[in-house]
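What follows is the content of upload_23.txt (compact mmCIF, C-alpha atoms).
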```
# COMPACT_ATOMS: atom_id res chain seq x y z
CA MET A 61 6.58 40.89 71.70
CA LYS A 62 3.38 42.01 73.37
CA ALA A 63 0.43 39.62 73.40
CA TYR A 64 -2.93 40.64 74.78
CA LYS A 65 -6.72 40.33 74.40
CA VAL A 66 -9.27 43.05 73.71
CA THR A 67 -13.04 42.72 74.10
CA VAL A 68 -14.79 44.39 71.17
CA THR A 69 -18.44 45.47 71.27
CA ASP A 70 -20.67 47.54 69.00
CA THR A 71 -18.74 50.64 70.10
CA VAL A 72 -15.45 51.50 68.36
CA THR A 73 -12.62 49.97 70.42
CA GLN A 74 -8.89 50.67 70.09
CA LEU A 75 -7.05 47.42 69.35
CA VAL A 76 -3.49 48.64 68.76
CA PRO A 77 -2.41 52.11 69.91
CA ARG A 78 -0.61 54.50 67.60
CA ASP A 79 3.17 54.35 67.71
CA ASP A 80 6.00 56.15 65.96
CA ILE A 81 7.34 52.97 64.34
CA TYR A 82 6.37 50.58 61.55
CA ARG A 83 5.40 47.21 63.05
CA GLY A 84 3.80 43.90 62.29
CA VAL A 85 0.49 42.95 63.89
CA TRP A 86 -1.16 39.53 64.17
CA VAL A 87 -4.84 39.21 65.14
CA GLN A 88 -7.10 36.25 65.82
CA ILE A 89 -10.74 36.01 66.86
CA GLU A 90 -11.50 33.79 69.87
CA GLY A 91 -15.19 33.14 69.24
CA ASN A 92 -17.41 32.77 66.19
CA ASN A 93 -18.44 36.40 65.66
CA THR A 94 -16.94 38.93 63.24
CA VAL A 95 -14.84 41.97 64.19
CA TYR A 96 -14.56 44.76 61.63
CA ILE A 97 -11.21 46.57 61.71
CA GLY A 98 -10.03 49.91 60.38
CA GLY A 99 -9.26 53.44 61.52
CA GLN A 100 -10.75 55.18 64.50
CA ASP A 101 -13.90 55.89 62.46
CA VAL A 102 -14.47 52.21 61.56
CA THR A 103 -18.05 50.94 61.21
CA ALA A 104 -19.45 47.44 60.92
CA GLU A 105 -20.74 48.38 57.47
CA GLN A 106 -17.40 49.58 56.07
CA GLY A 107 -14.68 47.96 58.20
CA PHE A 108 -12.53 45.04 57.07
CA PRO A 109 -14.16 41.85 58.43
CA ILE A 110 -12.07 39.47 60.52
CA ALA A 111 -13.63 36.08 61.25
CA LYS A 112 -12.24 33.09 63.12
CA HIS A 113 -9.38 31.40 61.27
CA THR A 114 -7.13 28.47 62.07
CA ALA A 115 -4.10 30.79 61.93
CA PRO A 116 -3.74 34.45 62.95
CA LEU A 117 -4.20 37.13 60.30
CA ALA A 118 -0.95 39.04 59.76
CA GLY A 119 -0.65 42.69 58.76
CA ALA A 120 1.42 45.78 59.41
CA LEU A 121 0.87 49.29 60.75
CA GLY A 122 2.89 52.24 59.56
CA ALA A 123 4.44 54.86 61.82
CA GLY A 124 1.66 56.89 63.41
CA ASP A 125 -1.04 54.31 62.60
CA GLY A 126 -3.25 52.49 65.08
CA LEU A 127 -5.96 49.87 64.69
CA TRP A 128 -9.58 49.95 65.86
CA GLY A 129 -12.38 47.41 65.78
CA ILE A 130 -16.14 47.17 66.12
CA CYS A 131 -18.76 44.40 66.06
CA ALA A 132 -22.27 44.46 64.64
CA SER A 133 -25.03 45.85 66.85
CA GLY A 134 -25.53 43.79 70.02
CA VAL A 135 -22.46 41.58 69.38
CA THR A 136 -19.38 41.15 71.60
CA GLU A 137 -16.18 39.33 70.62
CA VAL A 138 -12.67 38.84 72.01
CA ILE A 139 -9.72 39.38 69.70
CA ARG A 140 -6.16 38.28 70.45
CA ILE A 141 -3.35 40.56 69.32
CA ILE A 142 0.41 40.17 69.16
CA THR A 143 2.81 42.87 68.04
CA PRO A 144 6.52 43.61 68.54
CA ASP A 145 7.31 45.61 71.68
CA GLN A 146 9.75 48.06 70.12
CA ASP A 147 9.77 50.30 73.20
CA ALA A 148 10.99 47.55 75.51
```
Before anything else, please render the file you have as structure tokens.
Amino acid sequence: MKAYKVTVTDTVTQLVPRDDIYRGVWVQIEGNNTVYIGGQDVTAEQGFPIAKHTAPLAGALGAGDGLWGICASGVTEVIRIITPDQDA
């Protein structure tokens, strides 16, 4: 498993790089702001909102898929990510 943090601002930020395998992904917000996730063209207006939860949000990425995030204008947030390290 790979666990890491990414700081997300109001500029699109890559959260999970593309890979050639299907894999699970768990994300959790550290602070109290919202991160909007989606493809590399994600916007705060159309992305899927992730807010702080007591447990990580689980999902999956297909082969060739990555995950990106963005915050609303002027907002910064840290998101924790864990995903299998299939290349290890």
Residues within 9 Å of A:Thr67, please, as number ranges by chain. Count only C-alpha atoms; anything in the same chain fewer than 2 positions from it doesn't count. A: 65, 69, 73, 75, 136-140
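Residues lying within 9 Å of stretch 111-119 of chain A, counting all atoms listed in the file and ignoring same-chain neighbours fewer than 6 positions away, are Arg83, Gly84, Val85, Trp86, Val87, Gln88, Ile89, Glu90, Gly91, Asn92, Asn93, Thr94, Val95, Tyr96, Arg140 and Ile141 of chain A.
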Could you please determine the separation between atom CA of A:Ile110 and atom CA of A:Lys62 in Å, to one decimal place?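 It comes out at 20.3 Å.
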Using all atoms listed in the file, which protein or nucleic acid residues come within 12 Å of A:Asp101? Drop anything in the same chain fewer than 5 positions from it, and give the result as JSON, numbers by chain. {"A": [71, 72, 73, 74, 96, 106, 107, 126, 127, 128, 129, 130]}
Give me, as an MDAnalysis selection string, all polymer residues having an atom no more than 6 Å from stretch 77-82 of chain A, counting only C-alpha atoms and skipping those fewer than 2 positions away in the same chain. chainID A and resid 121:126
Here atom CA of A:Gly134 and atom CA of A:Glu105 stand apart by 14.2 Å
Residue with smallest distance to A:Val135 - pool A:Ala63, A:Ile97, A:Val76, A:Ala104, counting all atoms listed in the file: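 Answer, going by the shortest atom-to-atom distance: A:Ala104.
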